[in-house]
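Undergrad: Dropping the structure in here first, questions after.
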Amino acid sequence: MQTIIVTGGAGYIGSHTIIELLKQTDYNVVSVDNFSNSTVKTFDRIEAITGKRVKNFNVDISNFETLEFAVNAIKNPIGIIHFAAFKSVPQSVADPLLYYHNNLGSLINILKICKAKQIPNFIFSSSCSVYGNVDKLPVTEQTPFSAAESPYAQTKQMGEDIVFNFTKSDPAFKSVLLRYFNPVGAHVSALNGELSNSKPDNLVPYITLTAAGLLPKLTVFGGDYDTRDGSCIRDYVHVSDIADAHVKAMNYLIAGKQKKECSVFNLGTGNGVSVLEAIHSFEKVSGEKLNYEIGPRRAGDVINIYANNDFAKRELQWEPKYNLDDMMLSSWKWQLQLKNNY
Ligand code: UD1
């Protein structure tokens, strides 16, 4: 049986993608994750949802020798989905070297492994942060990059270049770059969702932890931007829709359907939502009043961004199924389940 390797398989998007791979395909799925920002319990959650136990290699991908040792033990790898990376915008502003070392070092090692083991299909987790602050919305895959607003965003811009140039250099290698907008929400079963080993920086876990009484108050970073209500605008997209796009992209690569060696897709719903609108959706579906205040702007934030997702819809036949209320309600159910069970 052929195997798909998922790096960062215990992470938020990685674990949801494993669930969709197990549900929608017959591939064997193996994870490589050292739990630097995740937990081994995720594999129990995946098993509870799918009935299948996924093997994980607990190795640091930024160390080539240990990575090679793990991949040598994996039979018939046909593709790699590379999620493992750090993803906090503010942390990357505070500690840029950590981001360059981890996110770029790991990527280079994974590509060296693809070359050495002749693994031909590769998906890279990119981000809408590659676009920076743009003049024209929504952004298409052809929208030129502006300056990166944070070292995190810069590792995604550089990561895309690395994958692109490597793909050009090796005729046997094909790749897809998936630019996620803002993945949020939890599995519809409420058995899997976002977890962090430290206080989260992302909006939705911050909202649910505050509503659950585990954090005192949410600060809205900036109420004086040039947007319809003064708060930043993002394109929130359900994590299970993002996961589904990975399955479609891997099938697309394996079937040889791509028009270019390296294809790029925006993964967003196409809807721009402000921070205040996201909070109001949460309050509506949860019935909870959120304790929040408008505070100062956060360094590294893009003001307004949302996707044109026509290309992913057309080429991958991808259609996001969940709306903003679904995203908020599933996050809240996951938070309640965590509070009751852990
Ligand atoms: C950024 C990237 C995104 C990437 C993500 C990974 C951009 C445009 N997007 O998301 O592609 O997947 O990092 O982490 O760079 N906010 C508050 N209060 C909080 C937390 C957040 O007001 O306590 C606001 C932020 O200012 C922002 C919005 O909520 O306007 C979303 O923030 P966050 O969830 O951190 O994601 P991004 O920084 O947009």
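Note on naming: chains are A, B, ... as they come in the structure tokens, residues start from 1 per chain, ligands start from 1 in the order shown.
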Neighbours of Leu290 in chain A within 9 Å (only C-alpha atoms; same-chain residues fewer than 6 positions away dropped), as a list of chain:residue names?

TA: A:Ile207, A:Thr208, A:Thr210, A:Ala211, A:Lys217, A:Leu218, A:Ile279, A:His280, A:Phe282, A:Glu283

Undergrad: Limited to N, CA and C atoms, could you put the picked residues into a file as a PDB file, in the first residue's frame?

TA:
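To be explicit, this is the file written out as again_21.pdb:
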```
ATOM      1  N   ILE A 207     -10.960  33.655  21.723  1.00  0.00           N
ATOM      2  CA  ILE A 207     -12.380  33.927  22.006  1.00  0.00           C
ATOM      3  C   ILE A 207     -12.962  32.803  22.866  1.00  0.00           C
ATOM      4  N   THR A 208     -12.742  31.539  22.456  1.00  0.00           N
ATOM      5  CA  THR A 208     -13.405  30.434  23.166  1.00  0.00           C
ATOM      6  C   THR A 208     -12.827  30.262  24.569  1.00  0.00           C
ATOM      7  N   THR A 210     -11.660  32.659  26.427  1.00  0.00           N
ATOM      8  CA  THR A 210     -12.193  33.774  27.219  1.00  0.00           C
ATOM      9  C   THR A 210     -13.640  33.474  27.619  1.00  0.00           C
ATOM     10  N   ALA A 211     -14.426  33.018  26.662  1.00  0.00           N
ATOM     11  CA  ALA A 211     -15.834  32.712  26.965  1.00  0.00           C
ATOM     12  C   ALA A 211     -15.947  31.591  27.996  1.00  0.00           C
ATOM     13  N   LYS A 217      -9.948  38.245  29.463  1.00  0.00           N
ATOM     14  CA  LYS A 217     -10.530  39.226  28.538  1.00  0.00           C
ATOM     15  C   LYS A 217      -9.852  39.148  27.169  1.00  0.00           C
ATOM     16  N   LEU A 218     -10.620  39.367  26.123  1.00  0.00           N
ATOM     17  CA  LEU A 218     -10.045  39.440  24.779  1.00  0.00           C
ATOM     18  C   LEU A 218      -9.795  40.905  24.423  1.00  0.00           C
ATOM     19  N   ILE A 279     -16.558  38.161  16.457  1.00  0.00           N
ATOM     20  CA  ILE A 279     -16.991  38.105  17.865  1.00  0.00           C
ATOM     21  C   ILE A 279     -18.521  38.036  17.939  1.00  0.00           C
ATOM     22  N   HIS A 280     -19.188  38.831  17.127  1.00  0.00           N
ATOM     23  CA  HIS A 280     -20.661  38.841  17.180  1.00  0.00           C
ATOM     24  C   HIS A 280     -21.245  37.505  16.711  1.00  0.00           C
ATOM     25  N   PHE A 282     -19.774  34.640  17.109  1.00  0.00           N
ATOM     26  CA  PHE A 282     -19.546  33.737  18.242  1.00  0.00           C
ATOM     27  C   PHE A 282     -20.625  33.940  19.310  1.00  0.00           C
ATOM     28  N   GLU A 283     -20.908  35.210  19.640  1.00  0.00           N
ATOM     29  CA  GLU A 283     -21.897  35.490  20.702  1.00  0.00           C
ATOM     30  C   GLU A 283     -23.272  34.953  20.305  1.00  0.00           C
TER      31      GLU A 283
END
```

Undergrad: Apply DSSP to the backbone of this structure and, from range 58-182 of chain A, keep only the residues in strand (DSSP E); write these as a list in words.

TA: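 Residues of range 58-182 of chain A classed as strand (DSSP E): Pro77, Ile78, Gly79, Ile80, Ile81, His82, Asn121, Phe122, Ile123, Phe124, Ser125, Ser126, Ser127, Lys174, Ser175, Val176, Leu177, Leu178, Arg179, Tyr180 and Asn182 of chain A.
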
Undergrad: Hey, could you make a per-residue contact list for chain A against ligand 1 with 6 Å as the cut-off, showing the nearest pair of atoms and its distance in Å to one decimal, counting only C-alpha atoms and all ligand atoms, sorted by chain and number, as a Markdown table?

TA:
```
| residue | atom | partner | partner_atom_place_in_ligand_line | distance |
| --- | --- | --- | --- | --- |
| A:Lys87 | CA | ligand 1 | 14 (O) | 4.5 |
| A:Ser88 | CA | ligand 1 | 14 (O) | 4.7 |
| A:Val89 | CA | ligand 1 | 13 (O) | 5.6 |
| A:Ser127 | CA | ligand 1 | 11 (O) | 4.2 |
| A:Cys128 | CA | ligand 1 | 11 (O) | 4.4 |
| A:Ser129 | CA | ligand 1 | 15 (O) | 3.9 |
| A:Tyr180 | CA | ligand 1 | 11 (O) | 5.7 |
| A:Phe181 | CA | ligand 1 | 11 (O) | 4.8 |
| A:Asn182 | CA | ligand 1 | 12 (O) | 5.1 |
| A:Asp201 | CA | ligand 1 | 35 (O) | 5.3 |
| A:Asn202 | CA | ligand 1 | 34 (O) | 3.3 |
| A:Leu203 | CA | ligand 1 | 20 (C) | 3.7 |
| A:Tyr206 | CA | ligand 1 | 23 (O) | 5.7 |
| A:Leu218 | CA | ligand 1 | 23 (O) | 5.6 |
| A:Thr219 | CA | ligand 1 | 18 (N) | 5.1 |
| A:Val220 | CA | ligand 1 | 22 (O) | 3.4 |
| A:Phe221 | CA | ligand 1 | 22 (O) | 3.9 |
| A:Cys232 | CA | ligand 1 | 30 (O) | 4.4 |
| A:Val275 | CA | ligand 1 | 29 (O) | 5.5 |
| A:Arg298 | CA | ligand 1 | 26 (O) | 5.9 |
| A:Asp301 | CA | ligand 1 | 26 (O) | 5.9 |
| A:Val302 | CA | ligand 1 | 8 (C) | 5.0 |
```

Undergrad: Name the closest residue to Ser281 in chain A among the candidates A:Leu329, A:Ile49, A:Ala172, A:Ile81; distances are taken between atoms, counting only C-alpha atoms.

TA: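 Checking each candidate against Ser281 in chain A, we get A:Leu329 as the closest.
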
Undergrad: Quick one: of A:Tyr292, A:Phe173, A:Trp334, A:Phe86, who's nearest to Leu107 in chain A, counting only C-alpha atoms?

TA: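 The answer is A:Phe86, which sits nearest to Leu107 in chain A.
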
Undergrad: Show me, as an NGL selection string, the residues that have an atom within 12 Å of Met1 in chain A when counting only C-alpha atoms, minus same-chain residues fewer than 2 positions from it.

TA: :A and (3-4 or 25-29 or 74-78)

Undergrad: Go ahead and dump the residues you just picked, all heavy atoms, as an mmCIF file, in the first residue's frame.

TA:
```cif
data_model
loop_
_atom_site.group_PDB
_atom_site.id
_atom_site.type_symbol
_atom_site.label_atom_id
_atom_site.label_comp_id
_atom_site.auth_asym_id
_atom_site.auth_seq_id
_atom_site.Cartn_x
_atom_site.Cartn_y
_atom_site.Cartn_z
ATOM 1 N N THR A 3 1.981 5.174 0.787
ATOM 2 C CA THR A 3 1.879 5.952 2.027
ATOM 3 C C THR A 3 1.988 7.449 1.750
ATOM 4 O O THR A 3 2.833 7.890 0.968
ATOM 5 C CB THR A 3 3.017 5.534 2.991
ATOM 6 O OG1 THR A 3 2.876 4.152 3.273
ATOM 7 C CG2 THR A 3 2.975 6.325 4.287
ATOM 8 N N ILE A 4 1.135 8.198 2.438
ATOM 9 C CA ILE A 4 1.269 9.662 2.466
ATOM 10 C C ILE A 4 1.902 10.014 3.815
ATOM 11 O O ILE A 4 1.388 9.613 4.870
ATOM 12 C CB ILE A 4 -0.104 10.377 2.382
ATOM 13 C CG1 ILE A 4 -0.941 9.886 1.194
ATOM 14 C CG2 ILE A 4 0.071 11.898 2.377
ATOM 15 C CD1 ILE A 4 -0.509 10.362 -0.145
ATOM 16 N N THR A 25 -9.637 8.381 1.332
ATOM 17 C CA THR A 25 -8.701 7.658 0.448
ATOM 18 C C THR A 25 -8.328 6.309 1.070
ATOM 19 O O THR A 25 -8.634 6.052 2.232
ATOM 20 C CB THR A 25 -7.382 8.445 0.218
ATOM 21 O OG1 THR A 25 -6.556 8.330 1.389
ATOM 22 C CG2 THR A 25 -7.623 9.907 -0.073
ATOM 23 N N ASP A 26 -7.622 5.505 0.278
ATOM 24 C CA ASP A 26 -7.146 4.203 0.787
ATOM 25 C C ASP A 26 -5.671 4.245 1.141
ATOM 26 O O ASP A 26 -5.068 3.205 1.405
ATOM 27 C CB ASP A 26 -7.372 3.118 -0.279
ATOM 28 C CG ASP A 26 -8.858 2.871 -0.479
ATOM 29 O OD1 ASP A 26 -9.601 2.964 0.509
ATOM 30 O OD2 ASP A 26 -9.265 2.619 -1.638
ATOM 31 N N TYR A 27 -5.062 5.421 1.115
ATOM 32 C CA TYR A 27 -3.630 5.492 1.423
ATOM 33 C C TYR A 27 -3.365 5.167 2.882
ATOM 34 O O TYR A 27 -4.177 5.473 3.770
ATOM 35 C CB TYR A 27 -3.073 6.887 1.125
ATOM 36 C CG TYR A 27 -3.096 7.227 -0.345
ATOM 37 C CD1 TYR A 27 -3.887 8.271 -0.824
ATOM 38 C CD2 TYR A 27 -2.344 6.486 -1.259
ATOM 39 C CE1 TYR A 27 -3.933 8.567 -2.176
ATOM 40 C CE2 TYR A 27 -2.393 6.774 -2.616
ATOM 41 C CZ TYR A 27 -3.183 7.811 -3.069
ATOM 42 O OH TYR A 27 -3.238 8.091 -4.405
ATOM 43 N N ASN A 28 -2.193 4.555 3.108
ATOM 44 C CA ASN A 28 -1.670 4.465 4.463
ATOM 45 C C ASN A 28 -1.184 5.880 4.843
ATOM 46 O O ASN A 28 -0.624 6.581 4.007
ATOM 47 C CB ASN A 28 -0.495 3.470 4.428
ATOM 48 C CG ASN A 28 0.102 3.254 5.774
ATOM 49 O OD1 ASN A 28 -0.608 3.193 6.767
ATOM 50 N ND2 ASN A 28 1.417 3.143 5.809
ATOM 51 N N VAL A 29 -1.420 6.310 6.063
ATOM 52 C CA VAL A 29 -0.999 7.659 6.475
ATOM 53 C C VAL A 29 -0.059 7.548 7.671
ATOM 54 O O VAL A 29 -0.373 6.863 8.648
ATOM 55 C CB VAL A 29 -2.219 8.538 6.843
ATOM 56 C CG1 VAL A 29 -1.763 9.930 7.275
ATOM 57 C CG2 VAL A 29 -3.191 8.641 5.670
ATOM 58 N N ILE A 74 9.652 4.098 6.557
ATOM 59 C CA ILE A 74 8.296 4.235 5.986
ATOM 60 C C ILE A 74 8.250 3.565 4.611
ATOM 61 O O ILE A 74 9.032 3.914 3.723
ATOM 62 C CB ILE A 74 7.895 5.727 5.896
ATOM 63 C CG1 ILE A 74 7.869 6.346 7.312
ATOM 64 C CG2 ILE A 74 6.533 5.876 5.221
ATOM 65 C CD1 ILE A 74 7.654 7.857 7.340
ATOM 66 N N LYS A 75 7.321 2.642 4.456
ATOM 67 C CA LYS A 75 7.243 1.868 3.200
ATOM 68 C C LYS A 75 6.427 2.609 2.131
ATOM 69 O O LYS A 75 5.379 3.173 2.428
ATOM 70 C CB LYS A 75 6.568 0.516 3.470
ATOM 71 C CG LYS A 75 7.353 -0.351 4.425
ATOM 72 C CD LYS A 75 7.278 -1.832 4.025
ATOM 73 C CE LYS A 75 8.220 -2.653 4.867
ATOM 74 N NZ LYS A 75 7.949 -2.547 6.335
ATOM 75 N N ASN A 76 6.919 2.583 0.902
ATOM 76 C CA ASN A 76 6.217 3.114 -0.283
ATOM 77 C C ASN A 76 5.661 4.534 -0.117
ATOM 78 O O ASN A 76 4.473 4.763 -0.364
ATOM 79 C CB ASN A 76 5.055 2.194 -0.684
ATOM 80 C CG ASN A 76 5.532 0.809 -1.016
ATOM 81 O OD1 ASN A 76 6.613 0.647 -1.578
ATOM 82 N ND2 ASN A 76 4.749 -0.191 -0.649
ATOM 83 N N PRO A 77 6.493 5.489 0.283
ATOM 84 C CA PRO A 77 5.960 6.860 0.361
ATOM 85 C C PRO A 77 5.718 7.422 -1.034
ATOM 86 O O PRO A 77 6.608 7.394 -1.881
ATOM 87 C CB PRO A 77 7.059 7.630 1.093
ATOM 88 C CG PRO A 77 8.307 6.836 0.884
ATOM 89 C CD PRO A 77 7.917 5.407 0.637
ATOM 90 N N ILE A 78 4.510 7.915 -1.257
ATOM 91 C CA ILE A 78 4.181 8.468 -2.585
ATOM 92 C C ILE A 78 4.036 9.986 -2.536
ATOM 93 O O ILE A 78 4.111 10.665 -3.554
ATOM 94 C CB ILE A 78 2.903 7.807 -3.150
ATOM 95 C CG1 ILE A 78 2.676 8.234 -4.592
ATOM 96 C CG2 ILE A 78 1.695 8.092 -2.289
ATOM 97 C CD1 ILE A 78 1.497 7.589 -5.252
#
```
